[in-house]
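Reproduced below: input21.txt, with compact mmCIF, C-alpha atoms and all ligand atoms.
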```
# COMPACT_ATOMS: atom_id res chain seq x y z
CA MET A 101 42.41 -45.20 -14.90
CA LEU A 102 41.06 -41.84 -13.70
CA SER A 103 41.28 -39.06 -16.23
CA ARG A 104 42.15 -35.57 -15.06
CA GLN A 105 38.57 -34.51 -15.72
CA ASN A 106 37.16 -37.31 -13.57
CA LYS A 107 39.46 -36.30 -10.77
CA LEU A 108 38.28 -32.72 -11.04
CA THR A 109 34.63 -33.84 -11.11
CA GLY A 110 35.27 -35.92 -8.04
CA LEU A 111 36.82 -32.94 -6.29
CA ALA A 112 33.90 -30.73 -7.26
CA ALA A 113 31.39 -33.29 -5.99
CA GLY A 114 33.33 -33.47 -2.74
CA ALA A 115 33.30 -29.70 -2.41
CA ILE A 116 29.56 -29.51 -3.08
CA GLY A 117 28.99 -32.27 -0.55
CA ALA A 118 30.97 -30.32 2.03
CA VAL A 119 29.00 -27.15 1.33
CA LEU A 120 25.73 -29.06 1.71
CA LEU A 121 26.92 -30.54 4.99
CA VAL A 122 27.82 -27.12 6.33
CA ALA A 123 24.46 -25.72 5.15
CA ALA A 124 22.60 -28.61 6.79
CA ALA A 125 24.49 -28.05 10.04
CA GLY A 126 23.66 -24.36 9.84
CA TYR A 127 19.99 -25.13 9.31
CA GLY A 128 20.12 -27.60 12.19
CA ASN A 129 21.55 -24.89 14.45
CA TYR A 130 18.87 -22.47 13.32
CA ARG A 131 16.18 -25.06 14.04
CA SER A 132 17.51 -25.84 17.47
CA ALA A 133 17.91 -22.13 18.30
CA GLN A 134 14.29 -21.60 17.23
CA SER A 135 13.04 -24.49 19.32
CA GLN A 136 15.01 -23.30 22.35
CA LEU A 137 13.51 -19.83 21.92
CA ARG A 138 10.05 -21.39 21.65
CA ASP A 139 10.51 -23.35 24.87
CA LYS A 140 11.69 -20.19 26.59
CA VAL A 141 8.82 -17.96 25.46
CA GLU A 142 6.25 -20.66 26.21
CA ALA A 143 7.60 -21.06 29.75
CA MET A 144 7.71 -17.29 30.22
CA THR A 145 4.20 -16.56 28.92
CA GLY A 146 2.23 -19.73 29.70
CA GLY A 147 1.06 -19.68 26.08
CA HIS A 148 1.54 -21.79 22.97
CA VAL A 149 3.25 -20.26 19.98
CA GLU A 150 1.26 -22.16 17.36
CA SER A 151 -2.10 -21.40 19.03
CA GLY A 152 -0.99 -17.77 19.16
CA ARG A 153 -0.27 -17.81 15.45
CA ARG A 154 -3.83 -19.04 14.81
CA ALA A 155 -5.30 -16.47 17.24
CA PHE A 156 -3.35 -13.68 15.53
CA SER A 157 -5.05 -14.60 12.29
CA ALA A 158 -8.49 -15.30 13.84
CA TYR A 159 -8.63 -11.92 15.63
CA GLY A 160 -7.48 -10.08 12.52
CA CYS A 161 -4.49 -8.48 14.30
CA GLY A 162 -2.65 -8.45 10.96
CA SER A 163 -5.17 -6.03 9.49
CA CYS A 164 -3.61 -3.34 11.72
CA HIS A 165 -0.12 -4.71 12.42
CA SER A 166 2.67 -5.97 10.20
CA ILE A 167 5.03 -8.80 11.10
CA SER A 168 7.73 -9.66 8.60
CA GLY A 169 7.42 -13.21 7.32
CA VAL A 170 3.85 -13.70 8.60
CA GLY A 171 1.30 -13.95 5.80
CA GLY A 172 -1.57 -11.47 6.01
CA ALA A 173 0.18 -9.36 8.66
CA SER A 174 0.65 -6.18 6.68
CA GLY A 175 -1.58 -3.61 8.41
CA LEU A 176 -0.23 -0.13 8.93
CA VAL A 177 -2.71 1.22 11.51
CA GLY A 178 -0.68 0.12 14.54
CA PRO A 179 3.08 -0.26 15.01
CA PRO A 180 4.86 -3.19 13.35
CA LEU A 181 5.17 -6.13 15.75
CA THR A 182 8.40 -7.56 14.33
CA GLY A 183 10.97 -7.54 17.12
CA ILE A 184 8.42 -6.61 19.79
CA GLY A 185 10.34 -8.75 22.30
CA GLY A 186 13.24 -6.31 22.08
CA ARG A 187 11.24 -3.19 22.91
CA ALA A 188 11.37 -1.59 26.34
CA ILE A 189 7.86 -0.13 26.34
CA ILE A 190 4.57 -1.31 24.84
CA GLY A 191 1.50 0.76 24.11
CA GLY A 192 3.61 3.83 24.82
CA LYS A 193 3.53 3.32 28.59
CA LEU A 194 3.85 -0.26 29.88
CA GLU A 195 7.10 -2.02 30.71
CA ASN A 196 7.45 -4.83 28.19
CA LYS A 197 6.86 -8.04 30.12
CA PRO A 198 4.47 -10.94 29.53
CA ASP A 199 1.67 -9.97 31.92
CA ASN A 200 1.65 -6.37 30.65
CA LEU A 201 1.60 -7.55 27.05
CA GLN A 202 -1.33 -9.83 27.87
CA ARG A 203 -3.18 -6.99 29.67
CA TRP A 204 -2.66 -4.76 26.68
CA ILE A 205 -3.92 -7.39 24.22
CA MET A 206 -7.03 -8.12 26.32
CA ASP A 207 -8.01 -4.53 27.03
CA PRO A 208 -5.97 -1.71 25.48
CA GLN A 209 -8.81 0.72 26.18
CA ALA A 210 -8.45 0.15 29.94
CA ILE A 211 -4.77 1.15 29.66
CA THR A 212 -5.11 4.01 27.21
CA PRO A 213 -8.71 5.15 26.87
CA GLY A 214 -9.39 6.22 23.31
CA THR A 215 -6.39 4.42 21.75
CA ALA A 216 -7.01 3.26 18.19
CA MET A 217 -6.57 -0.39 19.18
CA PRO A 218 -10.02 -1.78 20.00
CA ARG A 219 -10.91 -4.21 22.77
CA LEU A 220 -11.31 -7.40 20.76
CA GLY A 221 -12.64 -9.66 23.53
CA VAL A 222 -9.45 -11.75 23.69
CA GLU A 223 -9.70 -14.39 26.45
CA PRO A 224 -6.81 -14.83 28.93
CA GLN A 225 -5.48 -18.08 27.40
CA ALA A 226 -5.60 -16.58 23.90
CA ALA A 227 -3.72 -13.53 25.23
CA ARG A 228 -1.02 -15.85 26.64
CA ASP A 229 -0.84 -17.68 23.30
CA LEU A 230 -0.64 -14.37 21.42
CA SER A 231 2.13 -13.09 23.68
CA ALA A 232 4.12 -16.32 23.12
CA PHE A 233 3.68 -15.96 19.37
CA LEU A 234 4.65 -12.27 19.45
CA TYR A 235 7.80 -12.87 21.50
CA MET A 236 8.93 -15.35 18.81
CA GLN A 237 8.90 -12.62 16.15
CA SER A 238 12.42 -11.30 16.14
C1 LIG B 1 -8.02 -1.59 14.48
C2 LIG B 1 -6.57 -1.77 14.49
C3 LIG B 1 -5.94 -2.73 15.48
C4 LIG B 1 -6.20 -4.06 15.67
C5 LIG B 1 -7.29 -4.90 15.02
C6 LIG B 1 -5.23 -4.53 16.61
N1 LIG B 1 -4.39 -3.53 16.99
FE1 LIG B 1 -2.80 -3.67 18.23
N2 LIG B 1 -2.50 -1.68 18.12
C7 LIG B 1 -3.20 -0.81 17.29
C8 LIG B 1 -2.71 0.55 17.52
C9 LIG B 1 -3.21 1.81 16.82
C10 LIG B 1 -1.70 0.45 18.50
C11 LIG B 1 -0.89 1.59 19.12
C12 LIG B 1 -1.70 2.04 20.32
C13 LIG B 1 -1.07 2.99 21.28
O1 LIG B 1 0.17 2.98 21.43
O2 LIG B 1 -1.84 3.73 21.94
C14 LIG B 1 -1.59 -0.96 18.83
C15 LIG B 1 -0.66 -1.48 19.72
C16 LIG B 1 -0.43 -2.80 19.92
C17 LIG B 1 0.65 -3.33 20.70
C18 LIG B 1 1.73 -2.52 21.40
C19 LIG B 1 2.85 -2.33 20.39
C20 LIG B 1 3.92 -1.38 20.82
O3 LIG B 1 5.05 -1.49 20.30
O4 LIG B 1 3.67 -0.51 21.62
C21 LIG B 1 0.55 -4.70 20.64
C22 LIG B 1 1.47 -5.71 21.28
C23 LIG B 1 -0.62 -5.01 19.85
N3 LIG B 1 -1.18 -3.84 19.44
C24 LIG B 1 -1.05 -6.28 19.60
C25 LIG B 1 -2.24 -6.57 18.93
C26 LIG B 1 -2.80 -7.89 18.82
C27 LIG B 1 -2.18 -9.15 19.38
C28 LIG B 1 -3.97 -7.76 18.12
C29 LIG B 1 -4.99 -8.83 17.81
C30 LIG B 1 -5.54 -9.53 18.97
C31 LIG B 1 -4.11 -6.35 17.78
N4 LIG B 1 -3.06 -5.67 18.29
C32 LIG B 1 -5.16 -5.84 17.05
C33 LIG B 1 -4.20 -1.14 16.41
C34 LIG B 1 -4.79 -2.39 16.32
```
Take the structure in the file and give it back as structure tokens.
Ligand code: HEC
Amino acid sequence: MLSRQNKLTGLAAGAIGAVLLVAAAGYGNYRSAQSQLRDKVEAMTGGHVESGRRAFSAYGCGSCHSISGVGGASGLVGPPLTGIGGRAIIGGKLENKPDNLQRWIMDPQAITPGTAMPRLGVEPQAARDLSAFLYMQS
């Protein structure tokens, strides 16, 4: 025979189960939204997000730029790069689109002579990877 307490425990376990299911579905939606965004930015830029993440660290971009949620990206010399995909203009003068972002990353001095961002010798494929990575940072 079920005691009242057992019934309540059963109800509570059911409720917790339901909450976990909803949370798992939410996480699943988040994951699939992220992977759709990744496919989109990779198609748009011709780069690979994960290679871009490694390049961002290898070139030391994070010593001058912050990105929330990216370890080591806490520099305050240049503008924060969180949400860069939503900005209209980059480098103060270029329309924000993949080829302009890649041009900027490869040679900011050619676009704005004397700007504080140095030419770091980034190769074209690395610039594509970096632009894919940056467009993922919302
Ligand atoms: C020595 C510091 C420094 C380093 C290293 C550096 N940047 Fe910058 N970056 C800047 C500064 C300063 C600006 C702003 C320049 C301007 O607007 O004239 C800038 C601007 C930018 C912009 C345009 C942002 C906007 O909103 O206008 C992007 C994108 C960018 N940097 C990406 C990178 C990437 C990717 C790397 C690594 C490959 C990198 N930066 C390395 C200093 C740096």
Give me, as a PDB file with C-alpha atoms, in the frame of the given file, all polymer residues having an atom no more than 10 Å from A:Ser166, counting all atoms listed in the file and skipping those fewer than 2 positions away in the same chain.
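Okay, this is what ended up in around.pdb:
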```
ATOM      1  CA  CYS A 161      -4.490  -8.480  14.300  1.00  0.00           C
ATOM      2  CA  GLY A 162      -2.650  -8.450  10.960  1.00  0.00           C
ATOM      3  CA  SER A 163      -5.170  -6.030   9.490  1.00  0.00           C
ATOM      4  CA  CYS A 164      -3.610  -3.340  11.720  1.00  0.00           C
ATOM      5  CA  SER A 168       7.730  -9.660   8.600  1.00  0.00           C
ATOM      6  CA  GLY A 169       7.420 -13.210   7.320  1.00  0.00           C
ATOM      7  CA  VAL A 170       3.850 -13.700   8.600  1.00  0.00           C
ATOM      8  CA  GLY A 171       1.300 -13.950   5.800  1.00  0.00           C
ATOM      9  CA  GLY A 172      -1.570 -11.470   6.010  1.00  0.00           C
ATOM     10  CA  ALA A 173       0.180  -9.360   8.660  1.00  0.00           C
ATOM     11  CA  SER A 174       0.650  -6.180   6.680  1.00  0.00           C
ATOM     12  CA  GLY A 175      -1.580  -3.610   8.410  1.00  0.00           C
ATOM     13  CA  LEU A 176      -0.230  -0.130   8.930  1.00  0.00           C
ATOM     14  CA  VAL A 177      -2.710   1.220  11.510  1.00  0.00           C
ATOM     15  CA  GLY A 178      -0.680   0.120  14.540  1.00  0.00           C
ATOM     16  CA  PRO A 179       3.080  -0.260  15.010  1.00  0.00           C
ATOM     17  CA  PRO A 180       4.860  -3.190  13.350  1.00  0.00           C
ATOM     18  CA  LEU A 181       5.170  -6.130  15.750  1.00  0.00           C
ATOM     19  CA  THR A 182       8.400  -7.560  14.330  1.00  0.00           C
TER      20      THR A 182
END
```
Report the centre and edge lengths, in Å to one decimal, of an axis-aligned box enclosing every atom of ligand LIG 1 (chain B) listed in the file, padded by 8 Å on each side, as AutoDock Vina command-line options.
```
--center_x -1.5 --center_y -2.9 --center_z 18.2 --size_x 29.1 --size_y 29.3 --size_z 23.5
```
Practice item. Write out as JSON, numbers by chain which residues come within 12 Å of A:Asp199 when counting all atoms listed in the file, dropping same-chain ones fewer than 6 positions away. Key: {"A": [144, 145, 146, 147, 190, 205, 206, 224, 225, 227, 228, 229, 230, 231, 232]}
Review point. Nearest to ligand LIG 1 (chain B): which of A:Ile211, A:Ala118, A:Met217, A:Arg131 is it, counting only C-alpha atoms and all ligand atoms?
Key: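 Selected residue with least distance to ligand LIG 1 (chain B): A:Met217.
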Exercise for review: Could you jot down the atom CA of A:Trp204 to atom CA of A:Leu137 separation for me, Å, one decimal place?
Suggested key: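 Taking atom CA of A:Trp204 and atom CA of A:Leu137, their separation equals 22.6 Å.
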Check your understanding: Rounded to one decimal in Å, what is the spacing between atom CA of A:Gln237 and atom CA of A:Gly183?
Key -> 5.6 Å
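With all atoms listed in the file as the atoms that count, the residue of A:Gln134, A:Ser157, A:Ser238, A:Asn129 with the shortest distance to A:Arg187 is A:Ser238.
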Review point. For the atom pair atom C31 of ligand LIG 1 (chain B) and atom CA of A:Gly186, what is the interatomic distance in Å to one decimal place?
Key: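 About the pair atom C31 of ligand LIG 1 (chain B) and atom CA of A:Gly186: they are 17.9 Å apart.
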Revision key, fill the gap. Of A:Gln209, A:Tyr235, A:Gly185, A:Gly191, the one sitting nearest ligand LIG 1 (chain B) when using all atoms listed in the file is A:Gly191
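When only C-alpha atoms and all ligand atoms are used to measure the gap to ligand LIG 1 (chain B), the shortest distance among A:Val222, A:Val122, A:Ile167, A:Val141 belongs to A:Val222.
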Point to revise | Selected residue, from A:Phe156, A:Asp207, A:Glu223, A:Glu195, that lies nearest to ligand LIG 1 (chain B) when counting all atoms listed in the file | key: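 Closest to ligand LIG 1 (chain B) of all the choices is A:Phe156.
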**Study point:** Residue nearest ligand LIG 1 (chain B) among A:Ser132, A:Thr215, A:Thr109, A:Gln202 (counting all atoms listed in the file)
**Key:**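 Smallest separation from ligand LIG 1 (chain B) among the options: A:Thr215.
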